[in-house]
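Colleague: Let me give you the structure first, and then I'll get to my questions.
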Amino acid sequence: MNLTIVRKNIKNINITIRSNGEVLVSAPKRVSKRYIDELIKKKTPWIKKKLDYFKGRKSLTVKKSYDDGEKIYYLGEEFILKVVECSEERVWLEDGFLWLGVRSERDIAAKERLVDSWYLSKAKKLFEELVKKYQKIVKRDIKIVRIKKMKTRWGSCNHVRGYINLNLYLIQRDIKEIEYVVLHELAHLIYPNHSKEFYNYIASIMPDWKERRIG
């Protein structure tokens with residue numbers, strides 16, 4: 001683990017996972033090294049999860065070939081892709097594999113279309129449920145919720161028009177992370193910036209938001 005500990009004039013210990021794999025721990029000057037080590041040990045599962053995310057983040061942007069044996073992610077779990085040629089195009093989960101039935105294994109475009117269509121069907125149902133759940137808490141009108149491929153963001157919000165955009169590939173992430181993104185975007189209907197008040201509001205609803213947050 002590439003760990004860096006920085007002492008600052010702050011009240012609480014903050015752990016930041018950077019995209020280059022560095023784990024940055026900002027700690028008050030009065031806190032002992034032993035206490036910091038114990039905290040890092042306690043947070044190790046979360047730290048590893050974030051590091052794994054940055055290692056695998058390219059899977060969202062790099063063109064995939066959808067070959068047999070390739071890794072596919074769904075709701076935070078890793079599945080091995082099994083491609084079979086058949087007359088009926090379809091996608092299904094079975095025995096830890098994501099099965100992809102296609103007319104031709106060489107048709108990369110068809111395989112991508114099928115997987116994305118399967119993702120979309122799952123995302124529509126789950127995202128709708130989560131938006132409804134947190135809309136009851138946020139109590140703001142939402143005009144449109146769109147699910148689309150986004151290269152640099154997990155979500156976005158137009159607080160003036162009441163539009164929420166969610167990245168299709170959020171469906172690859174753990175459910176707790178998806179919930180955070182949904183709440184994050186809905187909270188922008190009240191606080192359109194990333195102010196202290198914005199994050200305090202999120203914390204009042206989701207106290208463990210820092211552990212759920214993804215890059």
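In the structure tokens, chains take the letters A, B, ... in the order shown, each chain's residues start at 1, and ligands count up from 1 in the order shown.
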Which residues are near Asp107 in chain A? Cut-off 12 Å, only C-alpha atoms, ignore same chain within fewer than 4 positions. Put them as a list in words.

Modeller: Ser65, Tyr66, Asp67, Val83, Val84, Glu85, Glu89, Leu100, Gly101, Val102, Arg103, Lys111, Glu112, Arg113 and Leu114 of chain A

Colleague: Provide the CA of Lys136 in chain A to CA of Lys148 in chain A distance in Å, to one decimal place.

Modeller: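 Interatomic distance, CA of Lys136 in chain A to CA of Lys148 in chain A: 23.8 Å.
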
Colleague: For the interface of range 50-148 of chain A with range 186-208 of chain A (cut-off 8 Å, counting only C-alpha atoms), please tabulate each contacting residue of range 50-148 of chain A alongside its nearest pair of atoms and their separation in Å to one decimal, rows sorted by chain and increasing number, as a Markdown table.

Modeller:
```
| residue | atom | partner | partner_atom | distance |
| --- | --- | --- | --- | --- |
| A:Val131 | CA | A:Leu186 | CA | 8.0 |
| A:Tyr134 | CA | A:Leu186 | CA | 7.5 |
| A:Gln135 | CA | A:Leu186 | CA | 7.1 |
| A:Val138 | CA | A:Ala187 | CA | 6.7 |
| A:Arg140 | CA | A:Leu189 | CA | 6.8 |
```

Colleague: Just N, CA and C atoms for this one: save the residues we selected as an mmCIF file, in the first residue's frame.

Modeller:
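What follows is the written file selection_31.cif:
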```
data_model
loop_
_atom_site.group_PDB
_atom_site.id
_atom_site.type_symbol
_atom_site.label_atom_id
_atom_site.label_comp_id
_atom_site.auth_asym_id
_atom_site.auth_seq_id
_atom_site.Cartn_x
_atom_site.Cartn_y
_atom_site.Cartn_z
ATOM 1 N N VAL A 131 -34.212 6.477 -6.967
ATOM 2 C CA VAL A 131 -34.610 7.875 -7.129
ATOM 3 C C VAL A 131 -35.892 8.145 -6.338
ATOM 4 N N TYR A 134 -35.096 8.283 -2.477
ATOM 5 C CA TYR A 134 -34.445 9.488 -1.974
ATOM 6 C C TYR A 134 -35.192 10.771 -2.341
ATOM 7 N N GLN A 135 -36.044 10.714 -3.331
ATOM 8 C CA GLN A 135 -36.865 11.878 -3.642
ATOM 9 C C GLN A 135 -37.840 12.159 -2.499
ATOM 10 N N VAL A 138 -35.580 14.092 -0.081
ATOM 11 C CA VAL A 138 -35.149 15.403 -0.590
ATOM 12 C C VAL A 138 -36.344 16.326 -0.823
ATOM 13 N N ARG A 140 -38.027 17.241 -3.616
ATOM 14 C CA ARG A 140 -37.910 18.171 -4.734
ATOM 15 C C ARG A 140 -38.454 17.490 -5.988
#
```

Colleague: Could you please write out, as a ChimeraX atom specification, every residue of chain A that DSSP assigns to strand (DSSP E or B)?

Modeller: /A:2-8,14-17,22-28,71-74,77-85,90-94,97-102,144-148,155-158,163-167

Colleague: I'd like the interatomic distance between CA of Asn14 in chain A and CA of Arg30 in chain A, to a tenth of an Å.

Modeller: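 Result for CA of Asn14 in chain A versus CA of Arg30 in chain A: 14.3 Å, one decimal.
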
Colleague: Counting only C-alpha atoms, figure out which residue out of A:Asp52, A:Asn165, A:Arg34, A:Leu183 gets nearest to Lys139 in chain A.

Modeller: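 Counting only C-alpha atoms, the residue closest to Lys139 in chain A is A:Leu183.
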
Colleague: Residues at most 6 Å from Val23 in chain A, counting only C-alpha atoms, excluding those fewer than 2 positions away in the same chain, as a short mmCIF file (atom, residue, chain, number, x, y, z; two decimals) with C-alpha atoms, in the first residue's frame?

Modeller:
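Wrote it out as selection-v2.cif, contents follow:
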```cif
data_model
loop_
_atom_site.label_atom_id
_atom_site.label_comp_id
_atom_site.auth_asym_id
_atom_site.auth_seq_id
_atom_site.Cartn_x
_atom_site.Cartn_y
_atom_site.Cartn_z
CA ASN A 2 1.40 3.38 -1.07
CA LEU A 3 0.63 5.21 2.17
CA THR A 16 -8.20 10.04 0.62
CA ILE A 17 -7.63 7.47 -2.11
#
```

Colleague: Restricting the calculation to only C-alpha atoms, which member of A:Ile15, A:Ala123, A:Leu51, A:Ile142 is positioned closest to His159 in chain A?

Modeller: A:Ile142

Colleague: Do you know which residues are at most 12 Å from Asp95 in chain A counting only C-alpha atoms, after dropping those on the same chain fewer than 3 positions away, and could you put them as a VMD selection string?

Modeller: chain A and resid 79 to 82 92 98 to 99

Colleague: Between A:Arg90, A:Arg173, A:Lys33, A:Lys49, which has the minimum distance to Ser117 in chain A (counting only C-alpha atoms)?

Modeller: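 Among the listed residues, the smallest separation from Ser117 in chain A belongs to A:Arg90.
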
Colleague: Could you please write out, as a VMD selection string, every residue of chain A that DSSP assigns to helix (DSSP H, G or I)?

Modeller: chain A and resid 33 to 60 108 to 138 168 to 172 175 to 187 196 to 205 209 to 212

Colleague: What is the CA of Tyr163 in chain A-CA of Val145 in chain A distance in Å, reported with one decimal?

Modeller: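 One can read the CA of Tyr163 in chain A to CA of Val145 in chain A distance as 6.1 Å.
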
Colleague: Could you tell me which of A:Leu166, A:Val182, A:Leu120, A:Ile171 comes closest to Arg153 in chain A if we count only C-alpha atoms?

Modeller: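 Using only C-alpha atoms, Arg153 in chain A sits closest to A:Leu166.
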
Colleague: Which of these, A:Lys143, A:Lys11, A:Arg106, A:Lys125, has the shortest distance to Ala27 in chain A once you count only C-alpha atoms?

Modeller: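 Using only C-alpha atoms, Ala27 in chain A sits closest to A:Lys11.
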